[in-house]
file protein.txt (compact mmCIF, C-alpha atoms)
# COMPACT_ATOMS: atom_id res chain seq x y z
CA MET Y 1 -10.69 5.45 -31.39
CA LEU Y 2 -8.99 6.03 -28.05
CA VAL Y 3 -8.64 9.74 -27.34
CA ILE Y 4 -5.90 10.47 -24.78
CA PRO Y 5 -5.72 14.03 -23.42
CA THR Y 6 -2.26 15.58 -23.33
CA LYS Y 7 -2.90 17.37 -20.03
CA LEU Y 8 -5.52 17.63 -17.29
CA SER Y 9 -8.22 20.15 -16.56
CA ARG Y 10 -7.79 22.21 -13.40
CA VAL Y 11 -10.44 20.10 -11.64
CA ASP Y 12 -8.74 16.82 -12.55
CA ALA Y 13 -5.29 18.18 -11.65
CA LEU Y 14 -6.55 19.10 -8.19
CA LEU Y 15 -8.01 15.60 -7.80
CA TYR Y 16 -4.66 14.10 -8.79
CA LEU Y 17 -2.79 16.28 -6.27
CA GLU Y 18 -5.22 15.22 -3.54
CA ARG Y 19 -4.64 11.59 -4.54
CA ILE Y 20 -0.89 11.92 -3.96
CA GLN Y 21 -1.42 14.05 -0.84
CA LEU Y 22 -0.14 17.36 -2.14
CA GLY Y 23 -2.03 20.56 -1.41
CA PRO Y 24 -4.00 22.53 -4.02
CA GLU Y 25 -1.51 25.41 -3.77
CA THR Y 26 0.97 23.14 -5.58
CA LEU Y 27 -0.93 23.80 -8.83
CA GLN Y 28 0.27 27.42 -8.76
CA GLU Y 29 3.94 26.46 -8.94
CA ARG Y 30 6.06 26.83 -12.06
CA PRO Y 31 8.09 23.95 -13.49
CA SER Y 32 11.33 23.29 -11.64
CA LEU Y 33 13.50 20.34 -10.68
CA GLU Y 34 12.30 20.63 -7.08
CA LEU Y 35 8.65 20.44 -8.18
CA LEU Y 36 9.32 17.55 -10.57
CA THR Y 37 11.07 15.60 -7.80
CA ARG Y 38 8.30 16.29 -5.30
CA LEU Y 39 5.58 15.18 -7.75
CA GLN Y 40 7.45 11.98 -8.68
CA GLN Y 41 8.12 10.95 -5.09
CA ALA Y 42 4.59 11.77 -3.94
CA HIS Y 43 3.20 9.58 -6.72
CA LEU Y 44 5.50 6.68 -5.84
CA LEU Y 45 4.62 6.90 -2.14
CA HIS Y 46 0.85 6.87 -2.69
CA VAL Y 47 0.04 5.11 -5.98
CA PRO Y 48 0.83 1.38 -6.08
CA PHE Y 49 2.52 -0.44 -8.90
CA GLU Y 50 0.23 -3.44 -9.37
CA SER Y 51 -1.18 -6.10 -11.70
CA THR Y 52 -4.30 -7.02 -9.72
CA LEU Y 53 -6.75 -6.16 -12.51
CA LEU Y 54 -5.44 -9.05 -14.63
CA HIS Y 55 -5.96 -11.68 -11.92
CA LEU Y 56 -9.04 -10.84 -9.87
CA PRO Y 57 -12.42 -12.00 -11.21
CA ILE Y 58 -14.82 -9.32 -12.38
CA ASN Y 59 -17.28 -10.19 -9.60
CA ILE Y 60 -14.64 -10.12 -6.85
CA SER Y 61 -16.75 -7.76 -4.71
CA SER Y 62 -19.49 -10.38 -4.39
CA THR Y 63 -17.25 -13.46 -4.37
CA SER Y 64 -17.23 -15.69 -1.30
CA PRO Y 65 -14.19 -14.87 0.90
CA SER Y 66 -12.96 -18.47 0.77
CA THR Y 67 -12.99 -18.64 -3.04
CA PRO Y 68 -9.52 -19.58 -4.35
CA LEU Y 69 -7.94 -17.07 -6.72
CA SER Y 70 -5.78 -17.94 -9.68
CA ILE Y 71 -3.17 -16.31 -11.88
CA SER Y 72 -4.87 -14.67 -14.90
CA GLY Y 73 -8.22 -15.08 -13.17
CA ALA Y 74 -9.64 -12.09 -15.01
CA PRO Y 75 -11.04 -12.63 -18.54
CA ILE Y 76 -8.24 -12.91 -21.10
CA GLU Y 77 -9.58 -9.89 -22.97
CA THR Y 78 -9.04 -7.67 -19.89
CA THR Y 79 -6.62 -4.84 -20.64
CA VAL Y 80 -5.10 -2.33 -18.26
CA PRO Y 81 -6.80 1.03 -18.91
CA LEU Y 82 -5.29 3.93 -20.83
CA GLY Y 83 -6.38 7.53 -21.33
CA PRO Y 84 -9.33 8.82 -19.28
CA ALA Y 85 -9.97 5.30 -17.95
CA ALA Y 86 -6.41 5.21 -16.60
CA PHE Y 87 -6.96 8.53 -14.82
CA ASP Y 88 -10.18 7.18 -13.32
CA ARG Y 89 -8.46 4.04 -12.06
CA VAL Y 90 -5.50 5.87 -10.53
CA VAL Y 91 -7.23 8.97 -9.17
CA ARG Y 92 -10.95 8.35 -8.73
CA GLU Y 93 -10.84 4.63 -7.91
CA ARG Y 94 -7.56 5.06 -5.98
CA LYS Y 95 -5.91 1.99 -7.47
CA GLY Y 96 -2.70 1.63 -9.48
CA GLY Y 97 -1.34 -0.19 -12.51
CA PHE Y 98 1.88 -0.74 -14.40
CA CYS Y 99 3.88 1.51 -16.72
CA PHE Y 100 1.37 2.26 -19.47
CA THR Y 101 -1.30 3.35 -17.00
CA LEU Y 102 0.97 5.10 -14.49
CA ASN Y 103 3.49 6.92 -16.68
CA SER Y 104 0.95 8.08 -19.25
CA THR Y 105 -1.31 9.47 -16.53
CA PHE Y 106 1.62 11.10 -14.71
CA ALA Y 107 2.67 12.70 -18.01
CA THR Y 108 -0.71 14.46 -18.28
CA LEU Y 109 -0.21 15.89 -14.78
CA LEU Y 110 3.28 17.15 -15.63
CA ARG Y 111 2.09 18.85 -18.82
CA THR Y 112 -0.61 20.63 -16.80
CA PHE Y 113 2.21 22.37 -14.90
CA GLY Y 114 3.98 23.35 -18.11
CA PHE Y 115 6.58 20.56 -18.28
CA ARG Y 116 7.42 19.20 -21.74
CA VAL Y 117 7.12 15.42 -21.70
CA SER Y 118 8.12 12.81 -24.27
CA GLU Y 119 6.75 9.31 -23.72
CA CYS Y 120 9.39 6.80 -24.85
CA ALA Y 121 9.66 3.01 -24.83
CA GLY Y 122 12.37 0.60 -23.78
CA ARG Y 123 13.54 -2.99 -23.34
CA VAL Y 124 13.73 -4.42 -19.81
CA TYR Y 125 16.85 -6.34 -18.79
CA GLN Y 126 15.83 -9.99 -18.40
CA PHE Y 127 18.04 -10.78 -15.40
CA LEU Y 128 17.00 -7.99 -13.04
CA GLU Y 129 19.26 -7.46 -10.02
CA LYS Y 130 21.88 -9.81 -11.49
CA ASP Y 131 25.42 -8.93 -12.49
CA PRO Y 132 25.59 -9.03 -16.32
CA LYS Y 133 29.17 -10.25 -16.03
CA GLU Y 134 27.74 -13.45 -14.53
CA ALA Y 135 24.20 -13.63 -15.92
CA GLY Y 136 24.99 -12.27 -19.37
CA TRP Y 137 23.02 -9.77 -21.39
CA GLY Y 138 19.42 -10.44 -22.29
CA TRP Y 139 16.69 -8.00 -23.24
CA GLY Y 140 12.94 -8.36 -23.50
CA SER Y 141 10.75 -6.85 -26.18
CA ILE Y 142 10.15 -3.10 -26.31
CA SER Y 143 7.40 -3.08 -23.72
CA HIS Y 144 8.11 -0.48 -21.02
CA GLU Y 145 7.10 3.19 -21.02
CA VAL Y 146 9.39 5.90 -19.61
CA LEU Y 147 9.26 9.71 -19.59
CA VAL Y 148 11.74 12.35 -20.73
CA VAL Y 149 11.04 15.78 -19.22
CA ASP Y 150 12.26 19.34 -19.68
CA TRP Y 151 10.87 22.87 -19.32
CA ASP Y 152 11.47 26.55 -19.91
CA SER Y 153 13.05 28.31 -16.95
CA ASP Y 154 14.57 31.61 -15.95
CA SER Y 155 17.17 29.70 -13.93
CA ASP Y 156 20.34 28.62 -15.72
CA ALA Y 157 20.47 25.56 -13.45
CA ASP Y 158 17.12 24.30 -14.72
CA ALA Y 159 17.11 25.57 -18.29
CA ARG Y 160 17.23 23.50 -21.44
CA PRO Y 161 19.07 21.68 -22.90
CA ASN Y 162 19.01 19.80 -19.59
CA ARG Y 163 16.59 16.89 -19.87
CA TRP Y 164 15.51 14.56 -17.12
CA PHE Y 165 14.60 10.90 -17.07
CA VAL Y 166 11.48 10.09 -15.01
CA ASP Y 167 9.63 6.82 -14.32
CA VAL Y 168 6.75 6.15 -11.90
CA GLY Y 169 5.76 2.78 -13.37
CA PHE Y 170 8.39 0.11 -12.73
CA GLY Y 171 8.07 -0.89 -9.07
CA LYS Y 172 10.89 -2.53 -7.14
CA GLY Y 173 14.36 -1.23 -7.91
CA GLN Y 174 13.35 1.87 -9.83
CA ALA Y 175 14.79 5.39 -9.44
CA VAL Y 176 12.61 7.66 -7.31
CA SER Y 177 14.08 11.00 -8.40
CA PRO Y 178 14.63 12.55 -11.85
CA ILE Y 179 17.96 11.60 -13.44
CA PRO Y 180 19.75 14.10 -15.70
CA PHE Y 181 20.90 13.09 -19.16
CA LYS Y 182 23.84 15.51 -19.00
CA HIS Y 183 25.80 13.28 -16.57
CA ASN Y 184 26.26 10.48 -19.10
CA GLY Y 185 27.57 7.44 -17.24
CA HIS Y 186 28.27 9.22 -13.94
CA PRO Y 187 26.50 7.79 -10.86
CA ILE Y 188 23.63 9.86 -9.49
CA GLN Y 189 22.43 9.29 -5.92
CA THR Y 190 18.68 9.58 -5.43
CA SER Y 191 17.20 10.83 -2.16
CA ILE Y 192 14.79 8.03 -1.22
CA PRO Y 193 16.03 5.36 -1.31
CA SER Y 194 19.69 6.40 -1.09
CA LEU Y 195 20.79 4.39 -4.09
CA ASP Y 196 23.11 5.10 -6.99
CA PHE Y 197 21.86 5.05 -10.57
CA LYS Y 198 23.56 5.86 -13.83
CA LEU Y 199 22.21 6.66 -17.27
CA GLU Y 200 24.57 5.78 -20.11
CA ARG Y 201 24.37 6.50 -23.83
CA GLY Y 202 25.60 4.01 -26.41
CA SER Y 203 24.71 0.86 -28.28
CA LEU Y 204 22.44 -1.73 -26.69
CA PRO Y 205 24.73 -3.79 -24.39
CA SER Y 206 25.10 -7.39 -25.52
CA ASP Y 207 27.26 -10.45 -25.06
CA ALA Y 208 30.39 -10.64 -27.19
CA GLY Y 209 29.69 -11.80 -30.74
CA THR Y 210 25.94 -11.27 -30.45
CA ALA Y 211 24.50 -8.97 -33.11
CA VAL Y 212 21.55 -7.66 -31.13
CA ASP Y 213 21.03 -4.29 -32.72
CA PRO Y 214 22.54 -3.36 -36.11
CA ASP Y 215 20.54 -0.11 -36.11
CA PRO Y 216 22.96 2.79 -35.44
CA LEU Y 217 20.48 4.76 -33.31
CA GLU Y 218 21.71 5.19 -29.75
CA TRP Y 219 20.19 3.69 -26.64
CA TRP Y 220 20.17 5.04 -23.10
CA THR Y 221 20.65 2.35 -20.44
CA LEU Y 222 19.60 2.92 -16.82
CA SER Y 223 21.53 0.85 -14.26
CA ARG Y 224 21.42 0.62 -10.48
CA LEU Y 225 24.23 -0.13 -8.04
CA VAL Y 226 23.42 -3.31 -6.11
CA ILE Y 227 24.66 -3.14 -2.53
CA SER Y 228 25.32 -6.31 -0.58
CA THR Y 229 23.03 -7.10 2.34
CA GLU Y 230 24.34 -8.36 5.66
CA ASP Y 231 23.56 -11.93 4.55
CA ASP Y 232 25.77 -11.49 1.50
CA ALA Y 233 28.42 -9.11 2.77
CA THR Y 234 31.28 -10.80 0.94
CA LYS Y 235 29.80 -10.22 -2.52
CA GLU Y 236 31.18 -7.24 -4.37
CA GLN Y 237 28.92 -4.39 -5.40
CA PHE Y 238 27.95 -4.34 -9.04
CA TRP Y 239 25.89 -2.39 -11.55
CA THR Y 240 22.76 -4.15 -12.75
CA PRO Y 241 20.89 -2.87 -15.83
CA ILE Y 242 17.20 -2.07 -15.49
CA TYR Y 243 16.19 -1.15 -19.03
CA SER Y 244 17.37 0.55 -22.22
CA PHE Y 245 15.36 3.05 -24.26
CA ARG Y 246 15.70 5.44 -27.17
CA LEU Y 247 14.98 9.16 -27.24
CA LEU Y 248 12.09 8.65 -29.61
CA THR Y 249 8.58 9.77 -28.75
CA VAL Y 250 6.06 6.93 -29.05
CA ALA Y 251 2.50 7.68 -30.13
CA PRO Y 252 -0.47 6.68 -27.92
CA SER Y 253 -1.68 4.29 -30.64
CA ASP Y 254 1.63 2.40 -30.43
CA PHE Y 255 1.48 2.21 -26.64
CA ARG Y 256 -2.03 0.82 -27.00
CA VAL Y 257 -0.59 -2.14 -28.95
CA LYS Y 258 2.16 -2.70 -26.37
CA ASN Y 259 -0.38 -2.46 -23.54
CA PHE Y 260 -2.63 -5.02 -25.25
CA TYR Y 261 0.25 -7.51 -25.43
CA ASN Y 262 1.27 -6.98 -21.80
CA SER Y 263 -2.33 -7.30 -20.63
CA THR Y 264 -3.54 -10.29 -22.65
CA ASN Y 265 -0.66 -12.47 -23.83
CA PRO Y 266 -0.27 -15.52 -21.53
CA ALA Y 267 3.53 -15.18 -21.76
CA ALA Y 268 3.59 -11.51 -20.75
CA ILE Y 269 5.14 -10.96 -17.33
CA PHE Y 270 2.11 -9.28 -15.75
CA ARG Y 271 -0.11 -12.20 -16.80
CA THR Y 272 2.17 -14.60 -14.90
CA LEU Y 273 2.40 -12.88 -11.51
CA PHE Y 274 0.15 -11.08 -9.06
CA THR Y 275 1.80 -8.10 -7.39
CA CYS Y 276 1.06 -4.86 -5.59
CA THR Y 277 3.85 -2.67 -4.20
CA THR Y 278 4.41 0.85 -2.91
CA LEU Y 279 7.47 2.84 -1.90
CA LEU Y 280 7.89 3.50 1.83
CA PRO Y 281 9.16 6.85 3.21
CA GLY Y 282 12.49 5.36 4.32
CA GLY Y 283 13.22 3.95 0.89
CA GLY Y 284 12.03 0.39 1.53
CA ARG Y 285 9.03 -1.27 -0.06
CA LYS Y 286 5.83 -3.01 0.90
CA ILE Y 287 5.19 -5.89 -1.52
CA LEU Y 288 2.31 -8.33 -1.99
CA PHE Y 289 3.34 -11.10 -4.39
CA TYR Y 290 2.05 -14.37 -5.76
CA ALA Y 291 3.26 -16.42 -8.74
CA ASN Y 292 2.09 -19.64 -10.34
CA PRO Y 293 2.22 -22.52 -7.85
CA THR Y 294 5.63 -24.09 -7.34
CA THR Y 295 7.24 -25.52 -4.26
CA GLY Y 296 8.24 -22.66 -2.02
CA GLU Y 297 6.90 -19.54 -0.41
CA ASP Y 298 5.38 -17.94 -3.50
CA GLY Y 299 3.11 -20.78 -4.55
CA GLU Y 300 1.93 -24.03 -3.01
CA ASN Y 301 3.46 -24.92 0.34
CA ASP Y 302 4.08 -28.46 1.55
CA SER Y 303 0.42 -28.94 2.52
CA GLY Y 304 -0.84 -27.82 -0.88
CA GLU Y 305 -2.13 -24.44 0.32
CA ARG Y 306 -1.69 -21.53 -2.04
CA LYS Y 307 -0.14 -18.54 -0.29
CA ALA Y 308 0.79 -15.04 -1.37
CA ARG Y 309 3.60 -13.24 0.46
CA LEU Y 310 3.29 -9.82 2.09
CA SER Y 311 6.76 -8.47 2.84
CA ILE Y 312 8.59 -5.33 3.86
CA THR Y 313 12.07 -4.63 2.49
CA ASP Y 314 14.62 -2.01 3.51
CA TRP Y 315 16.22 0.48 1.14
CA LYS Y 316 18.81 -2.10 0.09
CA GLY Y 317 16.08 -4.57 -0.86
CA LYS Y 318 16.70 -6.84 2.13
CA ARG Y 319 13.52 -8.42 3.47
CA VAL Y 320 12.88 -7.34 7.06
CA SER Y 321 9.47 -8.97 7.57
CA ALA Y 322 7.16 -11.35 5.74
CA GLU Y 323 3.89 -13.15 6.25
CA SER Y 324 1.86 -15.60 4.21
CA ILE Y 325 -1.62 -14.68 2.98
CA ALA Y 326 -4.08 -17.24 1.65
CA PHE Y 327 -4.53 -16.62 -2.07
CA GLU Y 328 -8.28 -16.40 -1.69
CA ALA Y 329 -10.78 -13.63 -2.41
CA GLY Y 330 -11.38 -12.52 1.18
CA PRO Y 331 -7.80 -12.39 2.53
CA ILE Y 332 -6.41 -10.77 -0.64
CA LYS Y 333 -9.13 -8.10 -0.74
CA GLN Y 334 -8.50 -7.37 2.94
CA VAL Y 335 -4.73 -6.99 2.49
CA LEU Y 336 -5.11 -4.80 -0.60
CA GLU Y 337 -7.43 -2.43 1.24
CA LYS Y 338 -5.59 -2.40 4.59
CA GLU Y 339 -1.99 -2.26 3.36
CA PHE Y 340 -2.30 -0.50 -0.01
CA ARG Y 341 -5.66 1.29 0.22
CA VAL Y 342 -6.77 -0.51 -2.94
CA LYS Y 343 -10.44 -1.36 -2.57
CA TYR Y 344 -12.40 -3.85 -4.67

call {"tool": "encode", "arguments": {"input": "protein.txt", "output": "structure tokens"}}
result
Amino acid sequence: MLVIPTKLSRVDALLYLERIQLGPETLQERPSLELLTRLQQAHLLHVPFESTLLHLPINISSTSPSTPLSISGAPIETTVPLGPAAFDRVVRERKGGFCFTLNSTFATLLRTFGFRVSECAGRVYQFLEKDPKEAGWGWGSISHEVLVVDWDSDSDADARPNRWFVDVGFGKGQAVSPIPFKHNGHPIQTSIPSLDFKLERGSLPSDAGTAVDPDPLEWWTLSRLVISTEDDATKEQFWTPIYSFRLLTVAPSDFRVKNFYNSTNPAAIFRTLFTCTTLLPGGGRKILFYANPTTGEDGENDSGERKARLSITDWKGKRVSAESIAFEAGPIKQVLEKEFRVKY
């Protein structure tokens, strides 16, 4: 049976703060919106969102540098760690993960400070960064973990019933500051990057005539305002959904099932792409990406070489630099360690 602690010991909390480059004095602070924001942004700046564990062979440390890598190169039974193993991967091994590892571990840190945290689950919009008026509405399975946070406070500005949406486990396009539930549908501008998000309550959005969800329970949908880049300046701005979730706490045993699917099923998104990304201080992102070989920059090129792409984007998501990296053991290990401080 997997035992998942609800909060951290003082020793582990100090290790976590050191991992995200916050001083030990931080542990003395009481829950507040300022503290919650600082913790979330520090995590996003220093802990990568990544799927490397599912693709690198177990013996990668002793593999010849010229050995070709492959998508799903790890054994099919490999699962992304949860519980104490997730803490070890994020904090002691100084690696990352995706939502089930990152948000569950971050939740234990928040509870150590006295925050109340509900771990909830949602459906990811299938046409990310697209306008639903053009792409339509499509939702994946319930397979993403998010956090809902509140706390006791002497300050009326921070007190309940205000609740805050928090996520440190989605990667590109996610909000980097807590979002209040009380501003239902009103745009909220986050600090880094300077983007607008909105959190709306209602039924699960769907195309006309499509009976997606007959259950009367309400969903909360997080959307982001897409801003045109210079290369697409004539396109109007639009709101793109990110995911929808319900205010329903999910038990660790249920997340274990969802994590097993996302880690082992050949059709699961993280089994089909290799990625590692971190937030940059100015709001942009550093991204290492490789997908199954196709013609183009993210797979086989014209000469048959398999190349990953290391790119930098600005706060709008526009790519400002890119280089190709051979999808081989040596070059990939070198980039992970140099650019993301992830060492294998």

call {"tool": "atom_distance", "arguments": {"input": "protein.txt", "atom1": "atom CA of Ile60 of chain Y", "atom2": "atom CA of Ala267 of chain Y"}}
result
24.0 Å

call {"tool": "residues_near_point", "arguments": {"input": "protein.txt", "point": "(-6.5, 12.6, -15.6)", "cutoff": "12 Å", "atoms": "only C-alpha atoms", "output": "PyMOL selection string"}}
result
chain Y and resi 4-17+19+82-93+101-112

call {"tool": "atom_distance", "arguments": {"input": "protein.txt", "atom1": "atom CA of Lys316 of chain Y", "atom2": "atom CA of His186 of chain Y"}}
result
20.4 Å

call {"tool": "closest_atom_pairs", "arguments": {"input": "protein.txt", "of": "segment 73-176 of chain Y", "to": "segment 322-340 of chain Y", "cutoff": "12 Å", "atoms": "all atoms listed in the file", "output": "JSON lines"}}
result
{"residue": "Y:Gly73", "atom": "CA", "partner": "Y:Ala329", "partner_atom": "CA", "distance": 11.2}
{"residue": "Y:Arg94", "atom": "CA", "partner": "Y:Phe340", "partner_atom": "CA", "distance": 9.7}
{"residue": "Y:Lys95", "atom": "CA", "partner": "Y:Phe340", "partner_atom": "CA", "distance": 8.7}
{"residue": "Y:Gly96", "atom": "CA", "partner": "Y:Phe340", "partner_atom": "CA", "distance": 9.7}

call {"tool": "atom_distance", "arguments": {"input": "protein.txt", "atom1": "atom CA of Pro48 of chain Y", "atom2": "atom CA of Arg285 of chain Y"}}
result
10.5 Å

call {"tool": "residues_around", "arguments": {"input": "protein.txt", "residues": "His55 of chain Y", "least_positions_apart": "3", "cutoff": "6 Å", "atoms": "all atoms listed in the file", "output": "list in words"}}
result
Thr52, Ile71, Ser72, Gly73 and Ala74 of chain Y

call {"tool": "residues_around", "arguments": {"input": "protein.txt", "residues": "segment 20-36 of chain Y", "least_positions_apart": "5", "cutoff": "8 Å", "atoms": "only C-alpha atoms", "output": "NGL selection string"}}
result
:Y and (13-14 or 42-43 or 45-47 or 110 or 113-115 or 151-153 or 158 or 178)

call {"tool": "residues_around", "arguments": {"input": "protein.txt", "residues": "Ala135 of chain Y", "least_positions_apart": "4", "cutoff": "12 Å", "atoms": "all atoms listed in the file", "output": "list in words"}}
result
Tyr125, Gln126, Phe127, Leu128, Glu129, Lys130, Asp131, Trp139, Ser206, Asp207, Thr240 and Pro241 of chain Y

call {"tool": "closest_residue", "arguments": {"input": "protein.txt", "among": "Y:Glu145, Y:Glu200, Y:Asp254, Y:Glu236", "to": "Leu222 of chain Y", "atoms": "all atoms listed in the file"}}
result
Y:Glu200

call {"tool": "residues_around", "arguments": {"input": "protein.txt", "residues": "Ile242 of chain Y", "least_positions_apart": "6", "cutoff": "12 Å", "atoms": "all atoms listed in the file", "output": "PyMOL selection string"}}
result
chain Y and resi 122-132+137-140+144+146+167+170-175+197-200+205+220-226

call {"tool": "closest_residue", "arguments": {"input": "protein.txt", "among": "Y:Val176, Y:Ile76, Y:Val149, Y:Leu39", "to": "Ala268 of chain Y", "atoms": "only C-alpha atoms"}}
result
Y:Ile76
